[in-house]
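K.L.:
Below: one structure in structure tokens.
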Amino acid sequence: MTRRLVKAVLPRQLLDQLALIEAGAKAFRDVRGRHPRECSICGYQGLFWAKGRQPMVFDGECPRCRSKGRHRQHELLIKRHPDWVDGRTILHFAPEPCFDERYQARSKATGGNYVRAAYEPKRGETQVDMQAIPFPDGMFDTIICHNVLEHVTDDRKGLSELRRVLRPDGRVLISVPMVEAWEQTYENPAITTEAGRDLHFNQNDHLRLYGVDFRERLTEAGFDHIRYVASEPEVSRYGLERGETIFIARLAS
């Protein structure tokens, strides 16, 4: 029976139900990958898994090392600038599993010092509140801080502390969830429940979604910055998120 004949014979309500089932089946297939990709971190080549909920990002997660797009984007940046890691004193906030052991080994092999920082530390991590970093001024060559600042109550204080512990010739590699079409960061201190934060900020432990004024917050904290934006052909090859930005912040001159 042809598709056109089915539509002519079956009642509208049943057609709607069939269309819903068909769409659900397609989405289920897509969850395990639409197009072959390449992981810049572990070298896996093949289909990537979907990740996230609001919205779901297809081809977003490497099934081998579990890296997300921003992690693979970070790796591409470091491959261009290995001197930012090799032999350096590094402070890495909420170190991602796809980097953790590799960066520890890399630091040891090159004579560096790799400090893993977390607000609620696991084994081998140092307890660090970004609003009061327990290290001396100018200690770190490179600070890595991907999608952490949106969890910090006073993010301006956090940025000020990052500046304080950065060496004069160092850099902070930082990313945040950002809506480029928004001029202003969306914050609402009245939203205090997990359900409310999940609804408004896409995750139940987020405190804000940034607008383009995040750049002004970097400037106010005493940073100059350039941007590394995910674009083609790297987006399609490595499963990056289009427009995802890593800010490379340095002490303002």
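Letters A, B, ... go to the chains of the structure tokens in the order shown; residues in each chain start at 1; ligands are counted from 1 in the same order.
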I need the alpha helix (DSSP H) residues of segment 140-250 of chain A per DSSP on the backbone, written as a ChimeraX atom specification.

P.N.:
/A:155-165,194-201,214-220,234-238

K.L.:
Restricted to N, CA and C atoms, what would the selected residues look like written as a tab-separated table (two decimals), in the first residue's frame?

P.N.:
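Contents of the output file selection39.tsv:
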chain	number	residue	atom	x	y	z
A	155	ASP	N	30.20	35.35	40.14
A	155	ASP	CA	31.12	35.06	39.04
A	155	ASP	C	32.13	36.17	38.82
A	156	ARG	N	31.76	37.40	39.14
A	156	ARG	CA	32.71	38.50	39.00
A	156	ARG	C	33.87	38.34	39.99
A	157	LYS	N	33.57	37.91	41.18
A	157	LYS	CA	34.62	37.63	42.15
A	157	LYS	C	35.47	36.47	41.65
A	158	GLY	N	34.83	35.46	41.07
A	158	GLY	CA	35.57	34.33	40.52
A	158	GLY	C	36.55	34.76	39.43
A	159	LEU	N	36.10	35.64	38.53
A	159	LEU	CA	36.99	36.14	37.48
A	159	LEU	C	38.14	36.94	38.07
A	160	SER	N	37.85	37.72	39.10
A	160	SER	CA	38.90	38.50	39.76
A	160	SER	C	39.96	37.59	40.38
A	161	GLU	N	39.52	36.47	40.95
A	161	GLU	CA	40.45	35.52	41.55
A	161	GLU	C	41.29	34.82	40.48
A	162	LEU	N	40.66	34.50	39.35
A	162	LEU	CA	41.43	33.91	38.26
A	162	LEU	C	42.55	34.86	37.81
A	163	ARG	N	42.22	36.12	37.72
A	163	ARG	CA	43.22	37.10	37.34
A	163	ARG	C	44.35	37.16	38.38
A	164	ARG	N	44.00	37.12	39.64
A	164	ARG	CA	45.00	37.24	40.71
A	164	ARG	C	46.04	36.13	40.66
A	165	VAL	N	45.61	34.89	40.41
A	165	VAL	CA	46.55	33.76	40.48
A	165	VAL	C	47.22	33.47	39.14
A	194	GLU	N	15.80	23.57	42.30
A	194	GLU	CA	16.43	22.83	41.21
A	194	GLU	C	15.55	22.80	39.98
A	195	ALA	N	14.26	22.62	40.18
A	195	ALA	CA	13.33	22.59	39.05
A	195	ALA	C	13.30	23.93	38.33
A	196	GLY	N	13.33	25.01	39.09
A	196	GLY	CA	13.32	26.34	38.50
A	196	GLY	C	14.58	26.62	37.70
A	197	ARG	N	15.72	26.22	38.24
A	197	ARG	CA	16.98	26.44	37.54
A	197	ARG	C	17.07	25.58	36.28
A	198	ASP	N	16.55	24.38	36.38
A	198	ASP	CA	16.52	23.51	35.21
A	198	ASP	C	15.68	24.12	34.09
A	199	LEU	N	14.56	24.72	34.47
A	199	LEU	CA	13.67	25.35	33.50
A	199	LEU	C	14.28	26.60	32.89
A	200	HIS	N	14.87	27.45	33.72
A	200	HIS	CA	15.33	28.76	33.27
A	200	HIS	C	16.75	28.75	32.72
A	201	PHE	N	17.62	27.89	33.28
A	201	PHE	CA	19.04	27.94	32.94
A	201	PHE	C	19.57	26.65	32.33
A	214	PHE	N	29.20	38.92	28.56
A	214	PHE	CA	30.26	38.18	29.25
A	214	PHE	C	31.63	38.77	28.91
A	215	ARG	N	31.76	39.27	27.70
A	215	ARG	CA	33.02	39.88	27.30
A	215	ARG	C	33.32	41.10	28.16
A	216	GLU	N	32.28	41.85	28.50
A	216	GLU	CA	32.46	43.01	29.37
A	216	GLU	C	32.90	42.57	30.77
A	217	ARG	N	32.39	41.43	31.23
A	217	ARG	CA	32.80	40.93	32.55
A	217	ARG	C	34.28	40.56	32.55
A	218	LEU	N	34.75	40.00	31.44
A	218	LEU	CA	36.18	39.71	31.33
A	218	LEU	C	37.00	41.00	31.39
A	219	THR	N	36.56	42.02	30.67
A	219	THR	CA	37.27	43.30	30.66
A	219	THR	C	37.26	43.93	32.05
A	220	GLU	N	36.11	43.92	32.70
A	220	GLU	CA	36.00	44.49	34.05
A	220	GLU	C	36.93	43.78	35.04
A	234	GLU	N	36.19	22.19	10.90
A	234	GLU	CA	36.39	21.44	12.15
A	234	GLU	C	35.08	21.00	12.77
A	235	VAL	N	34.02	21.83	12.62
A	235	VAL	CA	32.73	21.48	13.21
A	235	VAL	C	32.25	20.12	12.70
A	236	SER	N	32.23	19.94	11.40
A	236	SER	CA	31.71	18.70	10.82
A	236	SER	C	32.65	17.52	11.07
A	237	ARG	N	33.93	17.76	11.00
A	237	ARG	CA	34.88	16.66	11.16
A	237	ARG	C	34.91	16.13	12.59
A	238	TYR	N	34.92	17.05	13.57
A	238	TYR	CA	35.14	16.64	14.96
A	238	TYR	C	33.88	16.70	15.82

K.L.:
Select from segment 101-161 of chain A everything DSSP, run on the backbone, classes as strand (DSSP E or B), then give the selection as a PDB file with C-alpha atoms, in the first residue's frame.

P.N.:
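Dumped to out-v7.pdb:
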ATOM      1  CA  ASN A 113      52.674  20.960  37.693  1.00  0.00           C
ATOM      2  CA  TYR A 114      49.047  20.008  37.107  1.00  0.00           C
ATOM      3  CA  VAL A 115      46.593  21.034  39.836  1.00  0.00           C
ATOM      4  CA  ARG A 116      43.083  19.590  39.624  1.00  0.00           C
ATOM      5  CA  ALA A 117      40.547  21.834  41.323  1.00  0.00           C
ATOM      6  CA  ALA A 118      36.942  21.137  42.305  1.00  0.00           C
ATOM      7  CA  THR A 126      42.126  19.996  45.536  1.00  0.00           C
ATOM      8  CA  GLN A 127      39.132  21.695  47.125  1.00  0.00           C
ATOM      9  CA  ASP A 129      36.169  27.764  45.740  1.00  0.00           C
ATOM     10  CA  ALA A 132      38.537  32.445  47.151  1.00  0.00           C
ATOM     11  CA  PHE A 140      49.719  29.618  37.255  1.00  0.00           C
ATOM     12  CA  ASP A 141      50.774  29.721  33.616  1.00  0.00           C
ATOM     13  CA  THR A 142      47.527  28.262  32.299  1.00  0.00           C
ATOM     14  CA  ILE A 143      44.082  28.056  33.881  1.00  0.00           C
ATOM     15  CA  ILE A 144      41.441  25.830  32.279  1.00  0.00           C
ATOM     16  CA  CYS A 145      37.844  26.606  33.184  1.00  0.00           C
ATOM     17  CA  HIS A 146      35.194  25.161  30.878  1.00  0.00           C
TER      18      HIS A 146
END

K.L.:
Could you please determine the separation between atom CA of Asp59 of chain A and atom CA of Arg34 of chain A in Å, to one decimal place?

P.N.:
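It comes out at 6.4 Å.
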
K.L.:
Would you tabulate, counting only C-alpha atoms, all residues of segment 155-182 of chain A that have an atom at most 12 Å from an atom of segment 67-74 of chain A, showing the closest pair of atoms and their distance in Å to one decimal, sorted by chain then ascending number, as a Markdown table?

P.N.:
| residue | atom | partner | partner_atom | distance |
| --- | --- | --- | --- | --- |
| A:Leu173 | CA | A:His74 | CA | 8.4 |
| A:Ile174 | CA | A:His74 | CA | 9.6 |
| A:Ser175 | CA | A:Arg70 | CA | 8.2 |
| A:Val176 | CA | A:Arg70 | CA | 10.0 |
| A:Pro177 | CA | A:Arg70 | CA | 10.6 |

K.L.:
Could you give me, as a ChimeraX atom specification, the residues within 10 Å of Met178 of chain A, counting only C-alpha atoms and dropping anything in the same chain fewer than 2 positions from it?

P.N.:
/A:147,150,175-176,180-182,185-186,208-214,243-245

K.L.:
Of the residues A:Cys62, A:Ala190, A:Ile41, A:Cys98, which is the one nearest to Lys79 of chain A, using only C-alpha atoms?

P.N.:
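With only C-alpha atoms as the atom set, the closest residue is A:Ile41.
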
K.L.:
Can you measure atom CA of Gly124 of chain A to atom CA of Cys65 of chain A for me? One decimal in Å is fine.

P.N.:
20.0 Å

K.L.:
Calculated over only C-alpha atoms, which of the candidates A:Glu101, A:Glu96, A:Arg171, A:His206 has the smallest distance to Val152 of chain A?

P.N.:
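Closest candidate: A:His206.
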
K.L.:
Could you list, as a list in words, every residue within 12 Å of Gly111 of chain A, counting only C-alpha atoms and ignoring same-chain residues fewer than 3 positions away?

P.N.:
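Listed by chain and then number, they are Val85, Asp86, Gly87, Arg88, Thr89, Ile90, Tyr103, Gln104, Ala105, Arg106, Ser107, Lys108 and Tyr114 of chain A.
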
K.L.:
Taking 3 positions as the minimum chain separation for residues in the same chain, which residues sit within 8 Å of His35 of chain A when counting only C-alpha atoms? Answer as a list in words.

P.N.:
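With the cut-off at 8 Å, the set is Gly46, Leu47, Phe48 and Asp59 of chain A.
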
K.L.:
Do you know which residues are at most 12 Å from Gly33 of chain A counting only C-alpha atoms, after dropping those on the same chain fewer than 2 positions away, and could you put them as a list of chain:residue names?

P.N.:
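Within the cut-off, the hits are A:Lys26, A:Ala27, A:Phe28, A:Arg29, A:Asp30, A:Val31, A:His35, A:Pro36, A:Arg37, A:Gln45, A:Gly46, A:Leu47, A:Phe48, A:Trp49, A:Ala50, A:Lys51, A:Val57, A:Phe58, A:Asp59, A:Gly60, A:Glu61, A:Cys62, A:Pro63, A:Gly239.
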
K.L.:
Nearest residue to Glu241 of chain A out of A:Ile133, A:Ala94, A:Ala221, A:Val229, using only C-alpha atoms?

P.N.:
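Distance minimum relative to Glu241 of chain A lands on A:Val229.
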
K.L.:
Quote the spacing between atom CA of Glu75 of chain A and atom CA of Lys122 of chain A in Å to one decimal place.

P.N.:
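About the pair atom CA of Glu75 of chain A and atom CA of Lys122 of chain A: they are 23.4 Å apart.
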